[in-house]
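Peer 1: First, the structure itself, so that you have it in front of you.
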Number of protein chains: 2
Amino acid sequence: MKDEVNIYQIAREADVSPATVSRVMTGSARVSDEKKRRVQEIIRKYDYRPNALAQGLTTTRTRNVGIVAADIENPYYTRIITRISRELEAEGYNAVIYDAMNRYDLEVKCLQRMVDTRADALILMGGKSDEQQTDPDYADLINRISDNIPIVTTGKVDGARVYQVCIDEMSGVDLAMEHLFSRGHRHIALIGGHGSVRSTFEKRTRYRSVLKARGITYRERYIMDSDYDIAGGYKCMNELFHSNIGRTMPTAVMAINDFSAVGVEHAIRERGLRIPEDIAVLSFDNTFIAESIMPRLTAVGYAYDDFGQKLAATAVALAGDTEVPAYQLIPSKLFVRESTVGEKEMLTL
Amino acid sequence: MKDEVNIYQIAREADVSPATVSRVMTGSARVSDEKKRRVQEIIRKYDYRPNALAQGLTTTRTRNVGIVAADIENPYYTRIITRISRELEAEGYNAVIYDAMNRYDLEVKCLQRMVDTRADALILMGGKSDEQQTDPDYADLINRISDNIPIVTTGKVDGARVYQVCIDEMSGVDLAMEHLFSRGHRHIALIGGHGSVRSTFEKRTRYRSVLKARGITYRERYIMDSDYDIAGGYKCMNELFHSNIGRTMPTAVMAINDFSAVGVEHAIRERGLRIPEDIAVLSFDNTFIAESIMPRLTAVGYAYDDFGQKLAATAVALAGDTEVPAYQLIPSKLFVRESTVGEKEMLTL
DNA sequence: CTGAAAGCGCTAACAT
DNA sequence: ATGTTAGCGCTTTCAG
């Protein structure tokens, strides 16, 4: 444990005051060329780097932006996180990533830790910040935090001062369903997720309106809950088979995310059915999973670069007290692949 | 921007000294019940939380463990990270995740940031810390850092004081090849990755020895370089097809990781060949990808819970100046699935 | 342009 | 048991 050099030792060796060393480091004021040279030499000699804790304590700015994600094992989040990080990096900020591991208690802990360590801004993705009905305690917490630290989220926190950069779920559902309609589907299920989650709630709501607008009967059994993982999709699809024995079986299934689509496909395959000939499958998110499985998944995706960039830019602006719109929308895009359109047909389309 | 409460205000309102408040907060010394009660009341009233920057500055301990991963978009890393985080959490430490986005310059930056912010320990995964030939500059950097902060890695850094928790690559290759041999394969390719990377280098070395031990000809064209992604696997497999026209084509392919296996399978499918009947596929890592694609991938995996636990425990021990072995090995396990064993056969096995 | 000095918020001796 | 004081390492007035 070598003891670390500090600004005083540098100052002594360069025969200047600590203040001058600080000025050279930060460029906050003019320093004579001669002294600057001397200081820089010693700095290089020791490879001196200022203690960020002390720096943060005095300046009350850390240049850290905290990213709290519900689950970094989901490629959806890591994809956005990398895009955010890239942008933050370019803006001279550090991305500090926290994983809430899908647990509320940990989410709160992460949040408080970011407060304790004085992050300059916070980016919240998923978890409690994406509940359709905001938990009042959570809103309280967020509100207290936002008194001191600007918060931007991909979800919503009712009654709290947060900035939103959200996916346009409605247009995503529109694109997906129009595509399926155009392929002749009339019986479409929307599988997985929880109605208590904002993004899922919005998809389901839109799903119903689209059906209504088209004059197609809405069937309650075509919508079902599950976790956002492979097992969830699998469970749902099997339920769907069960609940539709002797009834109108959907010819197309929209999975709430790529993970659940994987489970859906497994369940379909186990019954010896073909995709897309017997049942077409489509999903939301368009992570690398959609391009990995066979047949490749038709999926609703988003411009992730843009998404991450906006999230980061908003956080940075807020950290610098710049005004930004409180609400920004990220458009959805449809990526058509073989899970809704047969391989041979794809070529002729 | 409400101004934050500090220990002095708490002290004043509770009519005690700041030191007493500190004692109540940290439990570092006895405080009379009466004063403790008064202090706690005020603390609750303001929901006071100590400034971690100031705390870290005085105690020189932050209870932060920095995790620097080469690429959090790879589920291999996120899987380990979550396991580490879980353990760190249980030990009262914070996992601070940094993503190097596969860039050396960023890896260095992340490292330095962790030093600047005085992490109590560092966990390094991938990137420069997994080069077969350690970059001397990098070793230098790591060495300087390890003077002050204990470092544990899943790779190696020659000539630097780092603690290692490594995967037993050799036994992984053994398991994989024995399995393939038992299925009758004699011509086996090892596809993707870079020989400059330690884990890949070790796999290739072992691959050659196993062939030799079995008296099977080693063919240079059965090994090839690529990035660790889907495109890399795809490229390699196509190259393999090309380079083997009119020659002995391998009947089994080992992909360097799950990502590249996806690319390998795509290339095989495009030629109208079947897996495993025409070509068997196997990969390393056994992330969720191996269970997602069809046929499910036979893969060499690791006890991730144990892996993460050991990594975290080592970091925590080191942070607390406890002795730990400098080198620990994580065993490999084989997960047999349909990409090497036909579905019907699986049932009878 | 430069140095002295105060202070960011906390903890850890050191007294009492 | 508790208060006083001196830092931790840095930046930032304020003088000069």
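By order in the structure tokens, chains are A, B, ...; within a chain, residues start at 1; ligands start at 1, following the order shown.
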As a list in words, could you give me every residue of chain C near chain A (at most 8 Å apart, counting only C-alpha atoms (C1' of nucleotides))?

Peer 2: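 Written out as asked, the residues are DC1, DT2, DG3, DC8 and DG9 of chain C.
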
Peer 1: Take the selection from the previous step and output its residues with C-alpha atoms (C1' of nucleotides), as a short mmCIF file (atom, residue, chain, number, x, y, z; two decimals), in the first residue's frame.

Peer 2:
data_model
loop_
_atom_site.label_atom_id
_atom_site.label_comp_id
_atom_site.auth_asym_id
_atom_site.auth_seq_id
_atom_site.Cartn_x
_atom_site.Cartn_y
_atom_site.Cartn_z
"C1'" DC C 1 -0.52 35.56 -11.72
"C1'" DT C 2 -0.13 33.49 -7.18
"C1'" DG C 3 -0.50 32.14 -2.28
"C1'" DC C 8 -17.01 20.65 1.53
"C1'" DG C 9 -19.12 16.55 5.35
#

Peer 1: Select, as a PyMOL selection string, those residues of chain B with any atom no more than 8 Å from chain A (distances computed using only C-alpha atoms).

Peer 2: chain B and resi 1-3+49-54+56-57+72-73+75+78-79+82+95-99+101+116-118+147-148+262-263+289+292-294

Peer 1: With N, CA and C atoms retained, export the selected residues as a CSV table (one decimal), in the first residue's frame.

Peer 2:
chain,number,residue,atom,x,y,z
B,1,MET,N,-33.5,22.6,-5.8
B,1,MET,CA,-32.3,22.1,-5.2
B,1,MET,C,-32.3,22.4,-3.7
B,2,LYS,N,-33.0,21.6,-2.9
B,2,LYS,CA,-33.0,21.8,-1.5
B,2,LYS,C,-31.6,21.5,-1.0
B,3,ASP,N,-31.1,22.3,0.0
B,3,ASP,CA,-29.8,21.9,0.5
B,3,ASP,C,-29.9,20.8,1.4
B,49,ARG,N,-29.0,10.9,5.3
B,49,ARG,CA,-28.1,9.9,4.9
B,49,ARG,C,-26.7,10.5,4.7
B,50,PRO,N,-25.7,9.9,5.3
B,50,PRO,CA,-24.4,10.6,5.2
B,50,PRO,C,-23.9,10.7,3.8
B,51,ASN,N,-23.1,11.7,3.5
B,51,ASN,CA,-22.5,11.9,2.2
B,51,ASN,C,-21.4,10.9,2.1
B,52,ALA,N,-21.5,10.0,1.1
B,52,ALA,CA,-20.6,8.9,0.9
B,52,ALA,C,-19.2,9.4,0.5
B,53,LEU,N,-19.2,10.5,-0.2
B,53,LEU,CA,-18.0,11.1,-0.6
B,53,LEU,C,-17.1,11.5,0.6
B,54,ALA,N,-17.8,12.2,1.5
B,54,ALA,CA,-17.1,12.7,2.7
B,54,ALA,C,-16.6,11.5,3.5
B,56,GLY,N,-16.0,8.5,2.5
B,56,GLY,CA,-14.9,7.8,1.8
B,56,GLY,C,-13.6,8.5,2.0
B,57,LEU,N,-13.7,9.8,2.0
B,57,LEU,CA,-12.5,10.7,2.1
B,57,LEU,C,-11.9,10.5,3.5
B,72,ILE,N,-20.8,-5.9,-21.8
B,72,ILE,CA,-22.0,-6.3,-21.1
B,72,ILE,C,-23.1,-6.7,-22.0
B,73,GLU,N,-22.9,-6.6,-23.3
B,73,GLU,CA,-23.9,-7.1,-24.2
B,73,GLU,C,-23.8,-8.6,-24.4
B,75,PRO,N,-24.1,-12.1,-22.8
B,75,PRO,CA,-24.7,-12.6,-21.6
B,75,PRO,C,-23.8,-13.4,-20.7
B,78,THR,N,-22.8,-10.7,-18.2
B,78,THR,CA,-23.9,-10.2,-17.3
B,78,THR,C,-24.3,-11.3,-16.4
B,79,ARG,N,-24.2,-12.6,-16.8
B,79,ARG,CA,-24.6,-13.7,-16.0
B,79,ARG,C,-23.6,-13.7,-14.8
B,82,THR,N,-24.2,-10.5,-12.4
B,82,THR,CA,-25.3,-10.6,-11.4
B,82,THR,C,-25.0,-11.5,-10.3
B,95,ALA,N,-21.8,-3.2,-5.8
B,95,ALA,CA,-21.2,-3.5,-7.1
B,95,ALA,C,-21.3,-2.3,-8.0
B,96,VAL,N,-20.2,-1.8,-8.5
B,96,VAL,CA,-20.3,-0.7,-9.4
B,96,VAL,C,-19.8,-1.2,-10.8
B,97,ILE,N,-20.7,-1.3,-11.7
B,97,ILE,CA,-20.4,-1.9,-13.0
B,97,ILE,C,-19.9,-1.0,-14.0
B,98,TYR,N,-18.8,-1.3,-14.7
B,98,TYR,CA,-18.3,-0.5,-15.8
B,98,TYR,C,-18.3,-1.4,-17.0
B,99,ASP,N,-18.7,-0.8,-18.2
B,99,ASP,CA,-18.6,-1.6,-19.4
B,99,ASP,C,-17.5,-1.0,-20.3
B,101,MET,N,-17.0,-1.8,-23.3
B,101,MET,CA,-17.4,-1.8,-24.7
B,101,MET,C,-16.4,-2.3,-25.6
B,116,ASP,N,-9.6,6.5,-9.0
B,116,ASP,CA,-9.9,7.9,-8.6
B,116,ASP,C,-11.0,7.9,-7.6
B,117,THR,N,-12.0,7.0,-7.7
B,117,THR,CA,-13.1,7.0,-6.8
B,117,THR,C,-12.9,6.1,-5.7
B,118,ARG,N,-11.7,5.5,-5.6
B,118,ARG,CA,-11.3,4.7,-4.4
B,118,ARG,C,-12.1,3.5,-4.2
B,147,ASP,N,-1.0,-1.6,-6.2
B,147,ASP,CA,-0.3,-1.1,-5.0
B,147,ASP,C,-1.3,-0.6,-4.0
B,148,ASN,N,-2.4,-0.1,-4.5
B,148,ASN,CA,-3.4,0.5,-3.6
B,148,ASN,C,-4.7,-0.3,-3.5
B,262,VAL,N,-24.3,-19.4,-32.9
B,262,VAL,CA,-25.5,-19.0,-33.6
B,262,VAL,C,-25.1,-18.7,-35.1
B,263,GLY,N,-24.0,-18.0,-35.3
B,263,GLY,CA,-23.5,-17.7,-36.6
B,263,GLY,C,-23.2,-19.0,-37.4
B,289,ILE,N,-28.5,-18.4,-24.5
B,289,ILE,CA,-28.6,-18.6,-25.9
B,289,ILE,C,-28.6,-20.1,-26.2
B,292,SER,N,-31.9,-21.4,-26.1
B,292,SER,CA,-32.9,-20.7,-26.8
B,292,SER,C,-33.0,-21.1,-28.3
B,293,ILE,N,-31.9,-21.4,-28.9
B,293,ILE,CA,-31.9,-21.7,-30.3
B,293,ILE,C,-32.3,-23.2,-30.5
B,294,MET,N,-32.7,-23.5,-31.7
B,294,MET,CA,-33.1,-24.8,-32.0
B,294,MET,C,-32.3,-25.4,-33.1

Peer 1: Give me, as a ChimeraX atom specification, the residues of chain D touching chain B, with the criterion being at most 12 Å (counting only C-alpha atoms (C1' of nucleotides)).

Peer 2: /D:1-10

Peer 1: Could you give me, as a ChimeraX atom specification, each residue of region 72-306 of chain B that DSSP assigns to strand (DSSP E or B) when run on this structure's backbone?

Peer 2: /B:94-99,121-125,131,151-153,163-167,188-191,193,197,223-224,226,252-255,280-284,298-302

Peer 1: So these two share a sequence; what Cα RMSD do you get laying chain A over chain B, all Cα, in order, least squares?

Peer 2: 0.0 Å

Peer 1: Rounded to one decimal in Å, what is the spacing between CA of Arg186 (chain A) and CA of Ile275 (chain A)?

Peer 2: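 For CA of Arg186 (chain A) relative to CA of Ile275 (chain A), the distance reads 16.6 Å.
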
Peer 1: DSSP on the backbone, alpha helix (DSSP H) only: what residues of region 41-148 of chain B does that give? Format it as JSON, numbers by chain.

Peer 2: {"B": [41, 42, 43, 44, 45, 46, 52, 53, 54, 55, 56, 57, 58, 59, 75, 76, 77, 78, 79, 80, 81, 82, 83, 84, 85, 86, 87, 88, 89, 90, 104, 105, 106, 107, 108, 109, 110, 111, 112, 113, 114, 115, 116, 136, 137, 138, 139, 140, 141, 142, 143, 144, 145, 146]}

Peer 1: May I have the residues from that selection written out with C-alpha atoms, as a short mmCIF file (atom, residue, chain, number, x, y, z; two decimals), in the first residue's frame?

Peer 2:
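Final output, out-v1.cif:
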data_model
loop_
_atom_site.label_atom_id
_atom_site.label_comp_id
_atom_site.auth_asym_id
_atom_site.auth_seq_id
_atom_site.Cartn_x
_atom_site.Cartn_y
_atom_site.Cartn_z
CA GLU B 41 -35.50 10.89 15.82
CA ILE B 42 -33.94 13.80 13.97
CA ILE B 43 -32.28 11.45 11.55
CA ARG B 44 -35.62 9.95 10.73
CA LYS B 45 -37.26 13.32 10.54
CA TYR B 46 -34.90 14.44 7.77
CA ALA B 52 -20.58 8.88 0.92
CA LEU B 53 -17.95 11.13 -0.62
CA ALA B 54 -17.06 12.68 2.70
CA GLN B 55 -17.25 9.32 4.37
CA GLY B 56 -14.93 7.79 1.85
CA LEU B 57 -12.55 10.67 2.14
CA THR B 58 -12.13 10.24 5.86
CA THR B 59 -12.27 6.49 6.20
CA PRO B 75 -24.75 -12.63 -21.64
CA TYR B 76 -21.69 -14.47 -20.40
CA TYR B 77 -20.55 -11.36 -18.61
CA THR B 78 -23.93 -10.23 -17.34
CA ARG B 79 -24.55 -13.67 -15.95
CA ILE B 80 -21.36 -13.52 -13.90
CA ILE B 81 -21.94 -9.90 -12.96
CA THR B 82 -25.32 -10.60 -11.44
CA ARG B 83 -23.87 -13.46 -9.44
CA ILE B 84 -21.06 -11.24 -8.21
CA SER B 85 -23.48 -8.47 -7.34
CA ARG B 86 -25.69 -10.77 -5.37
CA GLU B 87 -22.78 -11.92 -3.26
CA LEU B 88 -21.34 -8.45 -2.86
CA GLU B 89 -24.72 -7.23 -1.72
CA ALA B 90 -24.87 -9.93 0.92
CA TYR B 104 -8.93 -0.79 -24.71
CA ASP B 105 -8.99 2.95 -24.20
CA LEU B 106 -12.26 2.65 -22.32
CA GLU B 107 -11.00 -0.23 -20.25
CA VAL B 108 -8.12 1.94 -19.08
CA LYS B 109 -10.48 4.79 -18.40
CA CYS B 110 -12.80 2.62 -16.34
CA LEU B 111 -9.87 1.33 -14.37
CA GLN B 112 -8.58 4.77 -13.61
CA ARG B 113 -12.00 5.98 -12.69
CA MET B 114 -12.26 3.20 -10.14
CA VAL B 115 -8.93 4.24 -8.73
CA ASP B 116 -9.93 7.88 -8.63
CA PRO B 136 3.64 -4.44 -20.86
CA ASP B 137 2.00 -1.03 -20.56
CA TYR B 138 -1.11 -2.68 -19.25
CA ALA B 139 0.86 -4.77 -16.76
CA ASP B 140 2.48 -1.55 -15.61
CA LEU B 141 -0.84 0.13 -15.10
CA ILE B 142 -2.28 -2.84 -13.26
CA ASN B 143 0.78 -3.06 -11.11
CA ARG B 144 0.55 0.57 -10.09
CA ILE B 145 -3.12 0.17 -9.29
CA SER B 146 -2.60 -2.99 -7.29
#

Peer 1: Can you measure CA of Gly320 (chain A) to CA of Arg61 (chain A) for me? One decimal in Å is fine.

Peer 2: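 So the answer is 10.0 Å.
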
Peer 1: Which of these, A:Asn102, A:Ser22, A:Gln9, A:Thr314, has the shortest distance to DT11 (chain D) once you count only C-alpha atoms (C1' of nucleotides)?

Peer 2: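 That would be A:Ser22, the residue with the smallest distance to DT11 (chain D).
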
Peer 1: For each of A:Ala176, A:Ile279, A:Val157, A:Met346, take the minimum atom-to-atom distance to Arg198 (chain A), counting only C-alpha atoms, then give the residue where this is smallest.

Peer 2: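 Using only C-alpha atoms, Arg198 (chain A) sits closest to A:Val157.
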
Peer 1: Quick one: distance from CA of Glu202 (chain B) to CA of Val264 (chain B) in Å, one decimal?

Peer 2: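 Taking CA of Glu202 (chain B) and CA of Val264 (chain B), their separation equals 21.2 Å.
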
Peer 1: Any idea what's packed within 10 Å of Arg206 (chain B), counting only C-alpha atoms (C1' of nucleotides), ignoring anything in its chain fewer than 6 positions away? Could you give it as a list in words?

Peer 2: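 So, after excluding close chain neighbours, the residues are Glu169, Met170, Ser171, Gly172, Val173, Asp174, Thr200 and Lys212 of chain B.
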
Peer 1: Tell me, as a VMD selection string, which residues lie within 10 Å of Glu220 (chain B), counting only C-alpha atoms (C1' of nucleotides); anything in the same chain fewer than 3 positions away does not count.

Peer 2: chain B and resid 189 208 217 223 to 224
